[in-house]
Amino acid sequence: MDMKNEQVGATHVPLKRIPGTSDFLPGSRQKYVYFADDGVRSFKAQWNSLTKGVTPGQIKGGGMISQACRLWLPDGTLFYPVGYHGDVDGWRNLIEEGARLNGVLLARIEGENIVVDDGRLFRLEDCKAEFGDYRWPARKKKKGATGTEVRKEHTTG
């Protein structure tokens with residue numbers, strides 16, 4: 001069975017696979033926000049725009065981590081989840097301010113729904129999900145390197 005491209009509400013795709021639902025990593029203190037794909041820039045450029053022009057300032061630790069999931073709303077809008085941990089209030093404020101400054105649309109999971117900051121609300125079971133590590137382009141191995149490392153987390157001190 002191909003688990004990469006799945007309808008969320010289908011019986012073989014439990015909601016617990018969707019970052020931000022109450023069953024995803026139970027007991028974790030990590031929080032999640034989704035950002036809309038602009039259809040133009042690479043994932044990496046959009047990821048960087050979440051905090052572009054914003055100074056971390058008061059964040060006391062932790063970081064933000066990309067997730068291996070893409071979520072399409074029934075209207076076709078694509079969203080990527082971002083997890084953040086540590087100083088969750090500080091990271092949430094940083095991401096929200098960066099999104100506002102850079103025109104990035106955010107969404108969040110509430111119960112079994114995804115709520116977009118522009119007022120749209122959709123049931124997760126009506127959305128389509130894709131899982132896999134699409135996030136960062138593969139890097140070519142440098143001469144003499146033993147492996148490739150790709151940084152997937154933005155952290156502070």
# chains A, B, ... in the order shown; residues from 1 in each chain; ligands from 1
>>> residues_around(residues="Gly53 (chain A)", least_positions_apart="4", cutoff="9 Å", atoms="only C-alpha atoms", output="list of chain:residue names")
A:Ser49, A:Gly98, A:Leu101, A:Asn102
>>> write_last_selection(atoms="C-alpha atoms", output="compact mmCIF listing (two decimals), in the first residue's frame")
# COMPACT_ATOMS: atom_id res chain seq x y z
CA SER A 49 10.34 33.47 5.28
CA GLY A 98 7.39 36.66 10.59
CA LEU A 101 5.68 40.69 7.92
CA ASN A 102 6.25 38.38 4.95
>>> residues_around(residues="Arg29 (chain A)", least_positions_apart="6", cutoff="12 Å", atoms="only C-alpha atoms", output="ChimeraX atom specification")
/A:20,22,62,83-89
>>> atom_distance(atom1="CA of Asp117 (chain A)", atom2="CA of Ser28 (chain A)")
24.4 Å
>>> residues_around(residues="Gln46 (chain A)", least_positions_apart="3", cutoff="10 Å", atoms="only C-alpha atoms", output="MDAnalysis selection string")
chainID A and resid 35:43 49:52 80 99 102 104
>>> closest_residue(among="A:Arg70, A:Arg92, A:Arg17, A:Lys44", to="Pro56 (chain A)", atoms="only C-alpha atoms")
A:Arg92
>>> residues_around(residues="Glu110 (chain A)", least_positions_apart="5", cutoff="10 Å", atoms="only C-alpha atoms", output="PyMOL selection string")
chain A and resi 20-22+115+121+123-124
>>> select_by_dssp(residues="region 2-88 of chain A", states="alpha helix (DSSP H)", output="JSON, numbers by chain")
{"A": [43, 44, 45, 46, 47, 48, 49, 88]}
>>> write_last_selection(atoms="all heavy atoms", output="CSV table (one decimal), in the first residue's frame")
chain,number,residue,atom,x,y,z
A,43,PHE,N,10.3,25.1,-1.0
A,43,PHE,CA,10.0,24.9,0.4
A,43,PHE,C,11.0,25.6,1.3
A,43,PHE,O,10.6,26.3,2.3
A,43,PHE,CB,10.0,23.4,0.8
A,43,PHE,CG,9.8,23.2,2.3
A,43,PHE,CD1,8.6,23.2,2.8
A,43,PHE,CD2,10.9,23.0,3.1
A,43,PHE,CE1,8.4,23.0,4.2
A,43,PHE,CE2,10.8,22.8,4.4
A,43,PHE,CZ,9.5,22.8,5.0
A,44,LYS,N,12.3,25.5,1.0
A,44,LYS,CA,13.3,26.1,1.9
A,44,LYS,C,13.2,27.6,1.9
A,44,LYS,O,13.3,28.2,3.0
A,44,LYS,CB,14.7,25.7,1.3
A,44,LYS,CG,15.8,26.3,2.2
A,44,LYS,CD,17.2,25.8,1.7
A,44,LYS,CE,18.3,26.3,2.6
A,44,LYS,NZ,19.6,25.8,2.2
A,45,ALA,N,12.9,28.3,0.8
A,45,ALA,CA,12.7,29.7,0.8
A,45,ALA,C,11.5,30.1,1.6
A,45,ALA,O,11.5,31.1,2.3
A,45,ALA,CB,12.6,30.2,-0.7
A,46,GLN,N,10.4,29.3,1.5
A,46,GLN,CA,9.2,29.6,2.2
A,46,GLN,C,9.4,29.4,3.7
A,46,GLN,O,9.0,30.2,4.6
A,46,GLN,CB,8.0,28.8,1.7
A,46,GLN,CG,7.6,29.2,0.3
A,46,GLN,CD,6.5,28.3,-0.2
A,46,GLN,OE1,5.4,28.5,0.2
A,46,GLN,NE2,6.8,27.3,-1.0
A,47,TRP,N,10.1,28.3,4.1
A,47,TRP,CA,10.5,28.0,5.5
A,47,TRP,C,11.3,29.2,6.1
A,47,TRP,O,10.9,29.7,7.2
A,47,TRP,CB,11.3,26.8,5.5
A,47,TRP,CG,12.0,26.5,6.8
A,47,TRP,CD1,13.3,26.9,7.1
A,47,TRP,CD2,11.5,25.7,7.9
A,47,TRP,NE1,13.6,26.4,8.4
A,47,TRP,CE2,12.5,25.7,8.9
A,47,TRP,CE3,10.3,25.1,8.1
A,47,TRP,CZ2,12.3,25.1,10.1
A,47,TRP,CZ3,10.1,24.5,9.4
A,47,TRP,CH2,11.2,24.5,10.3
A,48,ASN,N,12.2,29.7,5.3
A,48,ASN,CA,13.0,30.8,5.8
A,48,ASN,C,12.2,32.1,6.0
A,48,ASN,O,12.5,32.9,6.8
A,48,ASN,CB,14.2,31.1,4.9
A,48,ASN,CG,15.3,30.0,5.0
A,48,ASN,OD1,15.4,29.3,6.0
A,48,ASN,ND2,16.0,29.8,3.9
A,49,SER,N,11.2,32.3,5.2
A,49,SER,CA,10.3,33.5,5.3
A,49,SER,C,9.5,33.5,6.5
A,49,SER,O,9.0,34.5,6.9
A,49,SER,CB,9.4,33.6,4.0
A,49,SER,OG,8.4,32.7,4.1
A,88,VAL,N,7.6,27.7,23.8
A,88,VAL,CA,6.6,27.7,22.7
A,88,VAL,C,5.9,29.0,22.5
A,88,VAL,O,5.6,29.4,21.4
A,88,VAL,CB,5.5,26.6,23.0
A,88,VAL,CG1,6.2,25.2,22.9
A,88,VAL,CG2,4.9,26.7,24.3
>>> residues_around(residues="Arg120 (chain A)", least_positions_apart="2", cutoff="12 Å", atoms="only C-alpha atoms", output="PyMOL selection string")
chain A and resi 73-75+77+105-108+113-118+122-123
>>> write_last_selection(atoms="all heavy atoms", output="CSV table (one decimal), in the first residue's frame")
chain,number,residue,atom,x,y,z
A,73,LEU,N,-5.9,21.2,1.5
A,73,LEU,CA,-7.3,21.5,1.9
A,73,LEU,C,-8.2,21.1,0.7
A,73,LEU,O,-7.7,21.0,-0.4
A,73,LEU,CB,-7.4,23.0,2.2
A,73,LEU,CG,-6.5,23.6,3.2
A,73,LEU,CD1,-6.9,25.0,3.5
A,73,LEU,CD2,-6.6,22.8,4.5
A,74,PRO,N,-9.4,20.9,1.0
A,74,PRO,CA,-10.4,20.5,-0.1
A,74,PRO,C,-10.4,21.5,-1.3
A,74,PRO,O,-10.7,21.1,-2.4
A,74,PRO,CB,-11.7,20.4,0.6
A,74,PRO,CG,-11.4,20.1,2.0
A,74,PRO,CD,-10.1,20.8,2.3
A,75,ASP,N,-10.0,22.8,-1.0
A,75,ASP,CA,-10.0,23.8,-2.1
A,75,ASP,C,-8.7,23.8,-2.9
A,75,ASP,O,-8.5,24.6,-3.8
A,75,ASP,CB,-10.3,25.2,-1.6
A,75,ASP,CG,-9.3,25.7,-0.6
A,75,ASP,OD1,-8.2,25.1,-0.5
A,75,ASP,OD2,-9.5,26.8,-0.1
A,77,THR,N,-5.6,24.3,-1.6
A,77,THR,CA,-4.5,25.0,-0.9
A,77,THR,C,-3.6,24.0,-0.2
A,77,THR,O,-4.0,23.1,0.5
A,77,THR,CB,-5.0,26.0,0.1
A,77,THR,OG1,-6.0,26.9,-0.5
A,77,THR,CG2,-3.9,26.9,0.6
A,105,LEU,N,0.5,32.9,4.9
A,105,LEU,CA,-0.8,32.5,5.5
A,105,LEU,C,-0.6,31.3,6.4
A,105,LEU,O,0.0,30.4,6.1
A,105,LEU,CB,-1.8,32.2,4.4
A,105,LEU,CG,-3.2,31.8,4.8
A,105,LEU,CD1,-3.9,33.1,5.5
A,105,LEU,CD2,-4.0,31.4,3.6
A,106,LEU,N,-1.1,31.4,7.7
A,106,LEU,CA,-0.9,30.3,8.7
A,106,LEU,C,-2.3,29.6,8.9
A,106,LEU,O,-3.3,30.2,8.7
A,106,LEU,CB,-0.4,30.9,10.0
A,106,LEU,CG,1.0,31.5,10.0
A,106,LEU,CD1,1.3,32.1,11.3
A,106,LEU,CD2,2.0,30.6,9.5
A,107,ALA,N,-2.2,28.4,9.5
A,107,ALA,CA,-3.4,27.7,9.9
A,107,ALA,C,-3.0,26.8,11.1
A,107,ALA,O,-1.8,26.6,11.4
A,107,ALA,CB,-3.8,26.8,8.7
A,108,ARG,N,-4.0,26.4,11.8
A,108,ARG,CA,-3.7,25.5,13.0
A,108,ARG,C,-4.8,24.4,13.1
A,108,ARG,O,-5.9,24.6,12.5
A,108,ARG,CB,-3.8,26.4,14.3
A,108,ARG,CG,-5.1,27.0,14.5
A,108,ARG,CD,-5.1,28.1,15.6
A,108,ARG,NE,-6.4,28.8,15.7
A,108,ARG,CZ,-6.9,29.6,14.9
A,108,ARG,NH1,-6.3,29.9,13.7
A,108,ARG,NH2,-8.1,30.1,15.1
A,113,ASN,N,-10.4,19.6,12.9
A,113,ASN,CA,-10.5,20.6,11.8
A,113,ASN,C,-9.2,21.3,11.7
A,113,ASN,O,-8.3,21.4,12.6
A,113,ASN,CB,-11.5,21.7,12.2
A,113,ASN,CG,-12.9,21.1,12.3
A,113,ASN,OD1,-13.4,20.3,11.5
A,113,ASN,ND2,-13.6,21.3,13.4
A,114,ILE,N,-9.0,21.9,10.5
A,114,ILE,CA,-7.9,22.9,10.3
A,114,ILE,C,-8.5,24.2,10.1
A,114,ILE,O,-9.5,24.4,9.3
A,114,ILE,CB,-6.9,22.4,9.1
A,114,ILE,CG1,-5.8,23.4,9.0
A,114,ILE,CG2,-7.7,22.3,7.8
A,114,ILE,CD1,-4.6,22.9,8.2
A,115,VAL,N,-8.0,25.2,10.8
A,115,VAL,CA,-8.6,26.6,10.8
A,115,VAL,C,-7.5,27.5,10.2
A,115,VAL,O,-6.4,27.6,10.7
A,115,VAL,CB,-9.0,27.0,12.2
A,115,VAL,CG1,-9.5,28.5,12.1
A,115,VAL,CG2,-9.9,26.1,12.8
A,116,VAL,N,-7.8,28.1,9.1
A,116,VAL,CA,-6.9,29.0,8.4
A,116,VAL,C,-7.1,30.5,8.9
A,116,VAL,O,-8.3,30.8,9.3
A,116,VAL,CB,-7.2,29.0,6.9
A,116,VAL,CG1,-6.1,29.8,6.1
A,116,VAL,CG2,-7.1,27.6,6.4
A,117,ASP,N,-6.0,31.2,9.1
A,117,ASP,CA,-6.1,32.6,9.6
A,117,ASP,C,-7.1,33.5,8.8
A,117,ASP,O,-7.5,34.5,9.3
A,117,ASP,CB,-4.7,33.2,9.7
A,117,ASP,CG,-4.0,32.7,10.9
A,117,ASP,OD1,-4.5,31.9,11.7
A,117,ASP,OD2,-2.7,33.0,11.0
A,118,ASP,N,-7.4,33.2,7.6
A,118,ASP,CA,-8.3,34.0,6.8
A,118,ASP,C,-9.7,33.6,7.0
A,118,ASP,O,-10.6,34.2,6.4
A,118,ASP,CB,-7.9,33.9,5.3
A,118,ASP,CG,-8.2,32.5,4.7
A,118,ASP,OD1,-8.7,31.6,5.4
A,118,ASP,OD2,-7.8,32.3,3.5
A,122,PHE,N,-11.9,23.7,7.6
A,122,PHE,CA,-12.1,22.4,6.9
A,122,PHE,C,-12.0,21.2,7.9
A,122,PHE,O,-11.1,21.3,8.8
A,122,PHE,CB,-11.1,22.2,5.8
A,122,PHE,CG,-11.2,23.3,4.7
A,122,PHE,CD1,-10.4,24.4,4.7
A,122,PHE,CD2,-12.2,23.2,3.7
A,122,PHE,CE1,-10.5,25.3,3.8
A,122,PHE,CE2,-12.3,24.1,2.7
A,122,PHE,CZ,-11.4,25.2,2.8
A,123,ARG,N,-12.8,20.2,7.7
A,123,ARG,CA,-12.6,19.0,8.4
A,123,ARG,C,-11.3,18.3,7.9
A,123,ARG,O,-11.1,18.2,6.7
A,123,ARG,CB,-13.8,18.1,8.3
A,123,ARG,CG,-15.1,18.7,8.9
A,123,ARG,CD,-16.3,17.8,8.7
A,123,ARG,NE,-16.2,17.0,7.5
A,123,ARG,CZ,-17.0,16.0,7.2
A,123,ARG,NH1,-18.0,15.7,8.1
A,123,ARG,NH2,-16.9,15.3,6.1
>>> closest_residue(among="A:Tyr34, A:Lys128, A:Ile109, A:Pro81", to="Cys69 (chain A)", atoms="only C-alpha atoms")
A:Pro81
